[in-house]
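Engineer: Structure incoming, see below.
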2 protein chains.
Amino acid sequence: MSKTAQAASATIAKMVYGFGGGVADGDASMKNLLGGKGANLAEMSNLGLPVPPGFTITTEVCTAFYANGRAYPDGLKEAVDAALVRVGELVDREFADPARPLLVSVRSGARASMPGMMDTVLNLGLNDETVKGLAALSGDERFAYDSYRRFIQMYSNVVLGLDHHAFEEILETYKEDNDFILDTELSASDWKEIISAYKKEVKDASDRDFPQDANDQLWGAITAVFGSWRNERANVYRRLQGIPESWGTAVNVQAMVFGNMGATSATGVAFTRDPSTGENIRYGEFLINAQGEDVVAGIRTPQPIMKARRIAMGENEPSMEEAMPAAFGELSGIFQKLETHYRDMQDIEFTVQEGKLWMLQTRNGKRTAAASMKIAVDMCREGLISEEEAVGRVDPHSLDQLLHPTLDPDAPRDLFLSGLPASPGAASGEIVFSSDEAERLSQEGRNVILVRVETSPEDIHGMHAARAIVTARGGMTSHAAVVARGMGRPCVCGAGDLRINEASGELEAAGRKLSKGDTITVDGAAGKVYVGEVAKIEPELHGDFAELMSWADKHRRMQVRANAETPHDAEVARGFGAEGIGLCRTEHMFFDADRIVAVRRMILAETKEGRESALAKLLPMQRSDFEALFKVMAGLPVTVRLLDPPLHEFLPHSDEEIEEVAASSGVDAAKLKRRAQSLHEFNPMLGHRGCRLGVSYPEIYEMQTRAIIEAAIGVARETGNPVIPEIMVPLVGEARELAFVKERIDAIAREVISAAGVELEYLVGTMIELPRAALTADKIAADAEFFSFGTNDLTQTTFGLSRDDSASFLSDYLRTKIYEVDPFVTLDDEGVGELVRIAVEKGRRARPGLKLGICGEHGGDPKSIRIVEGIGLDYVSCSPYRTPIARLAAAQAALQKGDA
Amino acid sequence: MSKTAQAASATIAKMVYGFGGGVADGDASMKNLLGGKGANLAEMSNLGLPVPPGFTITTEVCTAFYANGRAYPDGLKEAVDAALVRVGELVDREFADPARPLLVSVRSGARASMPGMMDTVLNLGLNDETVKGLAALSGDERFAYDSYRRFIQMYSNVVLGLDHHAFEEILETYKEDNDFILDTELSASDWKEIISAYKKEVKDASDRDFPQDANDQLWGAITAVFGSWRNERANVYRRLQGIPESWGTAVNVQAMVFGNMGATSATGVAFTRDPSTGENIRYGEFLINAQGEDVVAGIRTPQPIMKARRIAMGENEPSMEEAMPAAFGELSGIFQKLETHYRDMQDIEFTVQEGKLWMLQTRNGKRTAAASMKIAVDMCREGLISEEEAVGRVDPHSLDQLLHPTLDPDAPRDLFLSGLPASPGAASGEIVFSSDEAERLSQEGRNVILVRVETSPEDIHGMHAARAIVTARGGMTSHAAVVARGMGRPCVCGAGDLRINEASGELEAAGRKLSKGDTITVDGAAGKVYVGEVAKIEPELHGDFAELMSWADKHRRMQVRANAETPHDAEVARGFGAEGIGLCRTEHMFFDADRIVAVRRMILAETKEGRESALAKLLPMQRSDFEALFKVMAGLPVTVRLLDPPLHEFLPHSDEEIEEVAASSGVDAAKLKRRAQSLHEFNPMLGHRGCRLGVSYPEIYEMQTRAIIEAAIGVARETGNPVIPEIMVPLVGEARELAFVKERIDAIAREVISAAGVELEYLVGTMIELPRAALTADKIAADAEFFSFGTNDLTQTTFGLSRDDSASFLSDYLRTKIYEVDPFVTLDDEGVGELVRIAVEKGRRARPGLKLGICGEHGGDPKSIRIVEGIGLDYVSCSPYRTPIARLAAAQAALQKGDA
């Protein structure tokens with residue numbers, strides 16, 4: 001033994017942990033050491049549940065095994081032998097004893113579940129001698145030889161590395177030759193012949209006899225399980241799931257129990273509650289006279305374990321409740337015991353051997369979103385878990401499913417196209433290519449799906465009119481995605497295979513063509529587009545939702561606001577519990593048909609006076625926008641962002657559009673074109689936008705300020721319940737920019753307030769959306785009463801990554817794991833988060849009462865919410881439909897922080 | 001007196017500092033308190049030079065004056081009175097005494113020179129009585145009354161705020177009425193009449209008599225000078241020059257001396273060396289029987305003070321040396337004394353009153369770039385200053401003038417257009433609009449100026465062929481500007497008024513049209529374009545330059561490298577003392593006609609194999625590029641940046657270009673167009689470029705690595721003097737990006753090195769040009785052996801500011817002082833500099849030997865060099881022609897740091 005191995009074993013205090021017979025060396029808390037399966041087997045033993053005895057070789061042994069060039073630490077052999085003896089004693093058998101042979105299963109079990117990735121060997125310990133003992137003990141020769149041939153087949157494949165097809169072929173040929181159809185038709189003598197053929201195959205293929213020594217078999221299997229930790233399949237899975245190789249796997253060796261020993265034996269799986277609806281009824285299936293693999297093979301149909309369910313399903317075969325009342329009664333008690341113990345819904349595996357119930361596995365069960373919520377709320381009501389725990393049990397993301405229609409999982413479907421799951425929900429409608437047409441058809445009461453290469457602010461009305469949006473370009477935070485989420489419209493983005501031919505009215509993907517007017521169905525949560533109509537399930541929000549949210553609100557520290565500009569969006573947001581508006585994008589108000597003309601006139605004006613005259617036309621419109629919004633949000637804060645996008649976004653671009661706009665608005669086409677050209681930018685994201693507009697054209701922000709303050713005064717007068725307008729200056733990168741703009745805002749506000757003879761509180765603050773703003777936040781805080789982190793743009797500039805252009809290579813980055821997540825979906829803690837931390841620290845130092853929030857898309861992402869809770873922001877703001885998600889996620893983040 | 005004023009005066013220990021009679025209360029070190037003029041008057045007094053006695057009221061009094069609502073601190077009056085008495089004693093006069101009146105000048109004098117911004121009053125103390133005393137004392141009635149009327153005129157304007165035109169009109173009318181042409185023709189009685197008219201004008205305009213009380217006059221003047229600190233003119237000047245308002249001005253009250261008391265009196269200005277050439281000869285002008293304002297008025301032509309110069313100029317009027325040998329002798333001695341004392345060339349003002357020399361001012365003289373260098377080197381050789389001081393005396397920017405041709409300042413010129421001074425130097429040539437034409441005509445031996453809306457990498461050959469470049473768009477760091485500076489071509493950028501009509505072959509600016517083929521002259525240092533040919537002065541580099549640079553190199557800590565890709569640029573750089581190449585942009589090698597075809601084939605390839613086959617064609621070309629470069633730089637490090645720009649930069653864009661390229665390269669036009677469209681990006685700066693290309697298409701960087709390593713091995717074999725290739729990965733924002741790319745670089749490098757059977761040292765490092773790279777520099781340093789700060793892109797992303805688009809609003813930002821400087825010209829210490837500091841700190845902590853440099857445009861900017869010296873980078877890299885500037889600036893930065 002090498003020094004390394006000595007060193008490795010020297011640090012391992014205990015390599016083998018036994019369980020069974022009502023006691024165990026380990027428990028459920030030792031998942032890292034024993035793996036999930038081993039820890040839960042130990043826990044169940046401790047609970048006194050009937051677990052077939054066995055032992056777990058720890059993950060530390062696995063690590064030592066690899067550290068020492070695939071050799072075992074000293075003392076392992078002895079420890080395993082001792083554990084085997086104890087297992088034998090508990091079941092009154094002895095390993096390798098021909099008369100009363102102990103048979104074992106050898107299974108992997110890592111810290112994290114890796115279903116199907118690693119190897120399992122059953123019935124180990126059988127050989128030409130012990131099979132006779134098993135036959136005698138069970139009184140069932142056919143069962144014994146069937147078990148033996150299964151063992152040879154499995155062991156040859158898993159441990160000896162032989163091709164399983166060869167064995168299947170032997171069996172198939174034998175059945176054909178003898179006119180058998182089902183395996184059950186084969187007798188003990190048939191299995192004996194097959195066993196001979198199997199052993200010959202092993203000898204032929206590997207030039208070795210099939211191992212007859214039970215200890216050789218055992219060590220071969222243990223080595224195979226440890227070896228499987230680094231097989232190709234497992235390596236890929238680990239990389240994809242982000243599971244470190246260093247964790248290693250444990251090996252569980254456990255006495256075999258048999259569900260295939262006749263009519264009093266059975267095997268089954270069950271959930272302690274319905275994993276689909278969450279109802280508090282037992283739920284499970286079982287098969288009489290079968291082993292686990294038979295259930296999986298699907299040759300026989302399993303039966304419900306509950307009588308009531310059997311009857312509801314119109315089944316005639318008896319349920320477990322009827323067929324095995326004693327075992328079922330015991331199982332029912334165990335269900336109760338496990339739920340009380342684990343305080344969560346359990347997914348269990350069991351076997352009944354000749355009337356005796358054995359528990360093979362328990363773990364927290366997977367469930368649907370609806371079930372997750374119901375179980376959490378029910379368990380809290382039942383006193384099983386606390387409110388805090390109930391809040392923690394529901395994945396905030398899953399609320400998306402509960403708030404939007406989803407495709408009926410059983411409905412047939414015909415996939416046309418895949419893209420990014422940009423905004424959840426499902427909708428069907430006829431294909432349209434333009435926003436104007438979407439609006440027109442929608443007004444006729446038709447359901448339309450807007451399909452575009454990409455969308456721009458000019459498409460807002462079409463996106464609103466459409467039931468869903470599909471784009472060929474753009475990522476998860478492209479214009480289409482952001483706006484669709486804000487409106488609650490399903491959206492599939494960046495469907496790179498999509499070719500749109502507007503001229504011919506056709507779209508094409510993967511060689512298939514559809515035409516304008518054809519019906520498609522969009523599944524925004526899955527990023528899929530289907531041909532034709534697919535059946536959908538409407539969301540149902542019931543009392544459980546409201547109750548869970550009320551618990552969440554109780555434990556939440558951060559406020560949750562919504563990003564909204566229209567009264568409708570604001571109403572949706574308030575309905576979903578938003579506590580204010582964190583981002584009202586005023587430019588969205590500029591695209592209405594009657595306004596865009598004035599906006600364009602303003603842009604085309606060559607003098608300040610010309611601009612002011614056009615702005616004067618916009619003023620009453622903006623004021624009425626704000627009045628409507630402020631009425632909905634009465635009593636709550638509303639953050640209004642001053643004009644942000646570059647002016648060219650408001651001008652037409654193609655020659656055709658220019659001609660059209662010129663004709664309809666009475667502007668000279670050549671002039672319009674010249675202006676559009678002169679405003680063209682190479683990198684508009686980094687161009688003449690945000691407060692840079694406010695510096696070049698102070699009159700624009702002055703008009704907007706006037707509209708905001710006048711509206712606030714008007715609504716306060718009318719309702720007696722004033723909003724607190726928070727005027728937000730975008731794209732500040734230098735304190736003097738904000739000072740320049742704020743001076744003008746304050747001058748106008750003072751003038752309007754004093755003319756009205758009222759008192760009005762308003763705040764002036766800024767977006768922090770540029771690295772330089774974060775780095776100089778102390779200086780900026782001198783003039784800012786609040787910071788709202790615009791993490792979309794901050795992510796773009798921190799990474800130097802355009803969200804509109806990144807789709808083409810982001811997939812390469814996610815595939816190679818260079819990025820663990822799309823940084824536009826989840827806040828990049830290390831880079832962007834660091835800037836947020838710097839800004840918070842510097843900002844609060846300069847102005848202790850500084851109000852801090854986030855209004856980027858990350859404001860609705862649970863992981864990002866956890867990060868900003870850690871940083872200590874005061875609020876998050878997200879799209880209206882994500883408000884409940886944010887409320888729940890904020891509560892979880894606060895609770896987790898409290899725990900930490 | 002208010003509490004504030006009491007508090008203010010309480011903190012002022014001494015409000016009035018006297019000087020004169022060989023002693024002074026202050027000295028040259030007290031500029032902040034006494035202003036520049038006051039401090040130097042005190043210093044000259046201390047040196048025993050003949051300074052008319054006087055006193056300075058400190059800047060603290062100015063501050064107190066404003067703090068207390070324009071009222072003076074207690075005790076000031078008494079201090080001024082006492083100082084006046086002492087001045088009177090020194091000149092044997094008494095203030096306000098009718099018989100022996102003391103006349104004084106009252107002048108402002110701030111810490112920083114603000115020429116012409118604030119007010120001056122001369123001859124103060126004259127009234128209807130004292131004028132008679134002055135007449136008697138001087139024996140010159142005409143002089144006395146002329147002085148009186150000058151005083152009334154000046155005082156009425158400066159102190160009483162009356163319009164000076166009224167007084168000028170009175171004088172003109174009088175002269176016309178009496179047929180006088182020159183003022184000298186007027187007699188004492190004429191002046192008396194004019195004085196009456198002046199006094200009537202004062203009474204009419206201000207409803208008050210002209211003050212006859214000398215003390216009233218004095219306090220009026222002092223208050224006017226303090227008041228002028230905040231006049232409109234001064235406010236604007238201060239804002240433009242960044243002078244804080246809080247500094248305040250001092251007031252200097254000084255006994256009058258008169259250069260206009262006949263043939264033994266004179267006034268003059270002089271430099272201790274020739275400010276134009278720097279030669280060590282006295283240089284100055286004087287006027288007999290004149291006051292300072294007469295010199296300025298330009299009615300009489302001043303004479304040289306030196307006989308030799310008079311003769312050289314062919315003048316007949318005597319020089320001062322001849323006309324006033326005694327005063328001249330004394331002045332010569334003072335020149336020597338002042339230079340020895342101040343250890344720099346002095347700019348002085350003097351007056352001779354009746355044979356007696358008086359010194360009125362001395363200060364360090366302004367000088368040309370050539371003079372600056374000569375004076376510094378000469379003074380060091382003369383032992384007057386140290387090498388370190390000599391190095392510190394020359395403004396590195398001024399070397400631009402010495403390294404490039406400049407327009408003859410005396411040559412006539414016809415301005416056509418103004419733009420940004422993007423690259424220094426002057427050149428004339430005929431207008432061409434395309435790079436191909438520029439190359440063709442240049443090969444015919446014709447001088448051409450390339451005029452474009454903007455340039456792109458496809459214009460490299462045309463820019464190289466042209467004598468100068470003019471663009472309508474783009475800022476100081478636009479493509480045109482960067483490349484032009486790199487090539488040493490004069491360039492005027494962002495000339496917004498320029499309209500180019502390629503079709504008609506015309507260009508237009510300010511209503512004037514020029515045609516293709518017309519000659520223009522470009523002054524890149526001034527940002528001007530002239531019609532026709534303008535005479536130029538060629539630069540002369542002589543021994544002084546080499547000597548100064550050798551001193552600079554001795555005291556420099558940072559290395560200086562150059563940004564270069566061609567052997568020619570590399571040779572220029574080595575010639576200018578570059579110690580390696582800090583940035584070789586490999587994409588510049590891709591635009592040659594024979595290469596672009598292969599590059600485009602690579603881009604159009606739809607498979608990895610297709611790309612590899614196209615890359616195989618490029619490999620020998622890239623290798624030979626590197627071989628040529630490595631030979632020039634043998635023995636020095638060469639940093640090669642792998643492909644950086646987005647691929648669409650290599651494809652044609654307009655339909656016409658696409659057709660042309662398709663035809664010439666045999667590619668399908670439709671396919672080419674589709675690919676160009678699919679590669680289109682909204683924000684290419686933030687798009688699929690830099691190492692993102694290396695992740696998506698690893699084969700590109702593999703080819704480049706192979707070319708670099710093969711070339712290095714080849715050159716090492718051939719010359720025995722190997723370069724150390726430093727392979728630089730661009731646009732890294734995440735450590736795993738670099739790890740991914742580096743793994744492939746190392747694999748190829750190992751393979752090539754092992755196949756060649758040699759040893760070769762190479763480094764792999766990265767650009768730090770994204771905020772996230774700086775913030776995660778510790779992680780990135782794990783795989784980076786060097787960081788090169790790409791501060792162009794880092795500035796763009798930190799500010800969220802596109803250098804190509806910022807020209808349109810940057811002027812607003814500079815005008816409003818929101819930005820103090822263009823952040824693309826001088827490194828933004830507060831934001832970008834902070835990121836550099838973070839990256840250096842984190843990077844060095846993770847990898848102590850990390851090599852750190854800067855290769856952005858800032859690498860050649862002296863202020864930025866000072867910042868990065870402070871941060872502790874190892875080298876700067878700049879365009880070849882800026883290498884000497886960087887060497888000098890780096891030396892100054894190191895010396896300043898040592899001083900600090």
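Residue numbers start at 1 in each chain; chains themselves are named A, B, ... in the order of the structure tokens; ligands are numbered from 1 in the order shown.
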Starting from chain A, keep only residues with some atom at most 9 Å from an atom of chain B, counting only C-alpha atoms, and report them as JSON, numbers by chain.
Structural biologist: {"A": [679, 680, 681, 682, 683, 684, 685, 686, 687, 688, 692, 693, 695, 696, 731, 732, 733, 734, 735, 736, 737, 740, 769, 770, 771, 772, 773, 774, 775, 776, 793, 794, 796, 797, 798, 799, 800, 801, 802, 803, 804, 805, 806, 808, 809, 812, 813, 816, 817, 818, 819, 830, 831, 832, 834, 835]}
Engineer: Near Thr340 of chain A, within 12 Å and counting only C-alpha atoms, which residues show up once chain neighbours fewer than 3 positions away are dropped, as a PDB file with N, CA, C and O atoms, in the first residue's frame?
Structural biologist:
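Final file, result_27.pdb:
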ATOM      1  N   LEU A  47     -35.695   4.862  12.911  1.00  0.00           N
ATOM      2  CA  LEU A  47     -37.111   5.072  13.230  1.00  0.00           C
ATOM      3  C   LEU A  47     -37.806   3.761  13.555  1.00  0.00           C
ATOM      4  O   LEU A  47     -39.007   3.741  13.845  1.00  0.00           O
ATOM      5  N   THR A 272     -46.747  10.001  -0.237  1.00  0.00           N
ATOM      6  CA  THR A 272     -47.595  10.166   0.935  1.00  0.00           C
ATOM      7  C   THR A 272     -48.761  11.115   0.666  1.00  0.00           C
ATOM      8  O   THR A 272     -49.728  11.133   1.408  1.00  0.00           O
ATOM      9  N   GLY A 333     -49.380   3.243   8.210  1.00  0.00           N
ATOM     10  CA  GLY A 333     -48.781   3.778   9.434  1.00  0.00           C
ATOM     11  C   GLY A 333     -47.409   4.372   9.161  1.00  0.00           C
ATOM     12  O   GLY A 333     -47.034   5.425   9.710  1.00  0.00           O
ATOM     13  N   ILE A 334     -46.661   3.679   8.299  1.00  0.00           N
ATOM     14  CA  ILE A 334     -45.315   4.185   7.969  1.00  0.00           C
ATOM     15  C   ILE A 334     -45.417   5.519   7.223  1.00  0.00           C
ATOM     16  O   ILE A 334     -44.639   6.449   7.452  1.00  0.00           O
ATOM     17  N   PHE A 335     -46.372   5.638   6.313  1.00  0.00           N
ATOM     18  CA  PHE A 335     -46.606   6.923   5.619  1.00  0.00           C
ATOM     19  C   PHE A 335     -46.696   8.048   6.648  1.00  0.00           C
ATOM     20  O   PHE A 335     -46.034   9.075   6.552  1.00  0.00           O
ATOM     21  N   GLN A 336     -47.580   7.815   7.636  1.00  0.00           N
ATOM     22  CA  GLN A 336     -47.828   8.824   8.651  1.00  0.00           C
ATOM     23  C   GLN A 336     -46.541   9.153   9.409  1.00  0.00           C
ATOM     24  O   GLN A 336     -46.161  10.301   9.583  1.00  0.00           O
ATOM     25  N   LYS A 337     -45.850   8.067   9.779  1.00  0.00           N
ATOM     26  CA  LYS A 337     -44.627   8.212  10.554  1.00  0.00           C
ATOM     27  C   LYS A 337     -43.560   8.992   9.767  1.00  0.00           C
ATOM     28  O   LYS A 337     -42.888   9.884  10.299  1.00  0.00           O
ATOM     29  N   ARG A 343     -41.395  15.699   7.816  1.00  0.00           N
ATOM     30  CA  ARG A 343     -42.145  16.933   7.690  1.00  0.00           C
ATOM     31  C   ARG A 343     -42.230  17.397   6.239  1.00  0.00           C
ATOM     32  O   ARG A 343     -42.181  18.570   5.939  1.00  0.00           O
ATOM     33  N   ASP A 344     -42.347  16.407   5.349  1.00  0.00           N
ATOM     34  CA  ASP A 344     -42.572  16.734   3.945  1.00  0.00           C
ATOM     35  C   ASP A 344     -43.174  15.509   3.275  1.00  0.00           C
ATOM     36  O   ASP A 344     -43.068  14.393   3.801  1.00  0.00           O
ATOM     37  N   MET A 345     -43.768  15.724   2.118  1.00  0.00           N
ATOM     38  CA  MET A 345     -44.324  14.618   1.357  1.00  0.00           C
ATOM     39  C   MET A 345     -43.187  13.696   0.926  1.00  0.00           C
ATOM     40  O   MET A 345     -42.152  14.156   0.455  1.00  0.00           O
ATOM     41  N   GLN A 346     -43.385  12.362   1.122  1.00  0.00           N
ATOM     42  CA  GLN A 346     -42.327  11.395   0.823  1.00  0.00           C
ATOM     43  C   GLN A 346     -42.659  10.558  -0.408  1.00  0.00           C
ATOM     44  O   GLN A 346     -43.817  10.231  -0.668  1.00  0.00           O
ATOM     45  N   MET A 379     -49.856  21.396   5.092  1.00  0.00           N
ATOM     46  CA  MET A 379     -48.988  20.928   6.175  1.00  0.00           C
ATOM     47  C   MET A 379     -48.864  21.989   7.268  1.00  0.00           C
ATOM     48  O   MET A 379     -48.764  21.667   8.446  1.00  0.00           O
ATOM     49  N   GLU A 382     -52.005  21.854   9.134  1.00  0.00           N
ATOM     50  CA  GLU A 382     -52.027  20.632   9.956  1.00  0.00           C
ATOM     51  C   GLU A 382     -51.077  20.737  11.141  1.00  0.00           C
ATOM     52  O   GLU A 382     -50.996  19.825  11.954  1.00  0.00           O
ATOM     53  N   GLY A 383     -50.313  21.817  11.172  1.00  0.00           N
ATOM     54  CA  GLY A 383     -49.375  21.993  12.280  1.00  0.00           C
ATOM     55  C   GLY A 383     -48.077  21.218  12.094  1.00  0.00           C
ATOM     56  O   GLY A 383     -47.252  21.131  13.003  1.00  0.00           O
ATOM     57  N   LEU A 384     -47.900  20.658  10.896  1.00  0.00           N
ATOM     58  CA  LEU A 384     -46.709  19.859  10.642  1.00  0.00           C
ATOM     59  C   LEU A 384     -45.483  20.748  10.419  1.00  0.00           C
ATOM     60  O   LEU A 384     -44.369  20.383  10.800  1.00  0.00           O
ATOM     61  N   ILE A 385     -45.706  21.857   9.769  1.00  0.00           N
ATOM     62  CA  ILE A 385     -44.600  22.782   9.513  1.00  0.00           C
ATOM     63  C   ILE A 385     -45.054  24.196   9.880  1.00  0.00           C
ATOM     64  O   ILE A 385     -46.254  24.457   9.988  1.00  0.00           O
TER      65      ILE A 385
END
Engineer: Residues near Ala484 of chain A, anyone? I mean within 9 Å using only C-alpha atoms, not counting same-chain ones fewer than 3 positions away, as a short mmCIF file (atom, residue, chain, number, x, y, z; two decimals) with all heavy atoms, in the first residue's frame.
Structural biologist:
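The resulting file, around23.cif, is shown below:
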data_model
loop_
_atom_site.label_atom_id
_atom_site.label_comp_id
_atom_site.auth_asym_id
_atom_site.auth_seq_id
_atom_site.Cartn_x
_atom_site.Cartn_y
_atom_site.Cartn_z
N ALA A 422 -39.19 32.88 -23.23
CA ALA A 422 -38.98 34.27 -22.83
C ALA A 422 -40.06 34.81 -21.90
O ALA A 422 -39.79 35.68 -21.09
CB ALA A 422 -38.88 35.15 -24.06
N SER A 423 -41.27 34.32 -22.02
CA SER A 423 -42.34 34.79 -21.13
C SER A 423 -43.37 33.67 -21.04
O SER A 423 -43.82 33.16 -22.05
CB SER A 423 -42.96 36.07 -21.70
OG SER A 423 -44.05 36.48 -20.91
N MET A 463 -48.03 44.09 -29.81
CA MET A 463 -47.74 43.09 -28.78
C MET A 463 -48.89 43.03 -27.79
O MET A 463 -49.27 41.97 -27.30
CB MET A 463 -46.43 43.42 -28.07
CG MET A 463 -45.24 43.41 -29.01
SD MET A 463 -43.70 43.93 -28.21
CE MET A 463 -43.34 42.48 -27.22
N HIS A 464 -49.46 44.21 -27.52
CA HIS A 464 -50.57 44.25 -26.59
C HIS A 464 -51.79 43.57 -27.19
O HIS A 464 -52.54 42.86 -26.50
CB HIS A 464 -50.88 45.71 -26.24
CG HIS A 464 -51.59 45.87 -24.94
ND1 HIS A 464 -52.95 45.92 -24.85
CD2 HIS A 464 -51.11 45.94 -23.68
CE1 HIS A 464 -53.30 46.03 -23.58
NE2 HIS A 464 -52.20 46.03 -22.84
N ALA A 468 -49.86 36.22 -28.07
CA ALA A 468 -48.49 35.77 -27.78
C ALA A 468 -47.58 36.34 -28.85
O ALA A 468 -48.04 36.82 -29.89
CB ALA A 468 -48.41 34.25 -27.78
N ILE A 469 -46.28 36.29 -28.56
CA ILE A 469 -45.29 36.86 -29.48
C ILE A 469 -44.20 35.84 -29.74
O ILE A 469 -43.76 35.14 -28.82
CB ILE A 469 -44.67 38.15 -28.88
CG1 ILE A 469 -45.74 39.22 -28.69
CG2 ILE A 469 -43.55 38.69 -29.75
CD1 ILE A 469 -46.17 39.46 -27.27
N HIS A 479 -36.05 43.20 -26.32
CA HIS A 479 -37.24 44.05 -26.22
C HIS A 479 -38.50 43.20 -26.15
O HIS A 479 -39.36 43.39 -25.29
CB HIS A 479 -37.29 45.00 -27.42
CG HIS A 479 -38.50 45.86 -27.42
ND1 HIS A 479 -39.66 45.50 -28.09
CD2 HIS A 479 -38.76 47.03 -26.82
CE1 HIS A 479 -40.57 46.45 -27.89
NE2 HIS A 479 -40.04 47.38 -27.13
N ALA A 480 -38.61 42.24 -27.05
CA ALA A 480 -39.81 41.41 -27.09
C ALA A 480 -40.02 40.71 -25.76
O ALA A 480 -41.13 40.70 -25.21
CB ALA A 480 -39.69 40.39 -28.22
N ALA A 481 -38.95 40.13 -25.21
CA ALA A 481 -39.06 39.36 -23.98
C ALA A 481 -39.46 40.24 -22.81
O ALA A 481 -40.37 39.92 -22.05
CB ALA A 481 -37.73 38.67 -23.70
N MET A 487 -46.30 42.58 -19.99
CA MET A 487 -47.71 42.53 -20.34
C MET A 487 -48.35 41.20 -19.98
O MET A 487 -49.57 41.03 -20.14
CB MET A 487 -47.85 42.71 -21.86
CG MET A 487 -47.51 44.08 -22.37
SD MET A 487 -47.71 44.07 -24.16
CE MET A 487 -47.48 45.81 -24.53
N GLY A 488 -47.54 40.25 -19.56
CA GLY A 488 -48.08 38.93 -19.26
C GLY A 488 -48.43 38.14 -20.51
O GLY A 488 -49.26 37.25 -20.49
N ARG A 489 -47.81 38.48 -21.64
CA ARG A 489 -48.05 37.72 -22.87
C ARG A 489 -47.02 36.60 -22.99
O ARG A 489 -45.82 36.85 -22.77
CB ARG A 489 -47.89 38.63 -24.10
CG ARG A 489 -48.83 39.79 -24.19
CD ARG A 489 -50.22 39.35 -24.63
NE ARG A 489 -51.12 40.51 -24.67
CZ ARG A 489 -51.69 41.07 -23.60
NH1 ARG A 489 -51.47 40.58 -22.40
NH2 ARG A 489 -52.48 42.11 -23.75
N PRO A 490 -47.44 35.40 -23.36
CA PRO A 490 -46.45 34.35 -23.63
C PRO A 490 -45.54 34.81 -24.76
O PRO A 490 -45.99 35.50 -25.69
CB PRO A 490 -47.30 33.16 -24.08
CG PRO A 490 -48.70 33.47 -23.65
CD PRO A 490 -48.82 34.96 -23.59
N CYS A 491 -44.29 34.42 -24.68
CA CYS A 491 -43.35 34.84 -25.73
C CYS A 491 -42.25 33.81 -25.90
O CYS A 491 -41.69 33.32 -24.91
CB CYS A 491 -42.76 36.20 -25.37
SG CYS A 491 -41.53 36.78 -26.54
#
Engineer: Please provide the set of residues having any atom within 6 Å of segment 389-406 of chain A, restricted to only C-alpha atoms, with same-chain residues fewer than 2 positions apart removed, written as a list of chain:residue names.
Structural biologist: A:Ala369, A:Ser372, A:Met373, A:Ala376, A:Ile385, A:Ser386, A:Glu387, A:Gly425, A:Ala426, A:Lys536, A:Ile537, A:Glu538, A:Pro539, A:Ala552, A:Ile885, A:Leu888, A:Ala889, A:Gln892
Engineer: When you draw a straight line from atom CA of Val225 of chain B to atom CA of Gly38 of chain B, how long is it in Å?
Structural biologist: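 Separation of atom CA of Val225 of chain B and atom CA of Gly38 of chain B: 14.1 Å.
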Engineer: Separation of atom CA of Gly790 of chain A and atom CA of Arg556 of chain A, in Å?
Structural biologist: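 Atom CA of Gly790 of chain A sits 22.1 Å away from atom CA of Arg556 of chain A.
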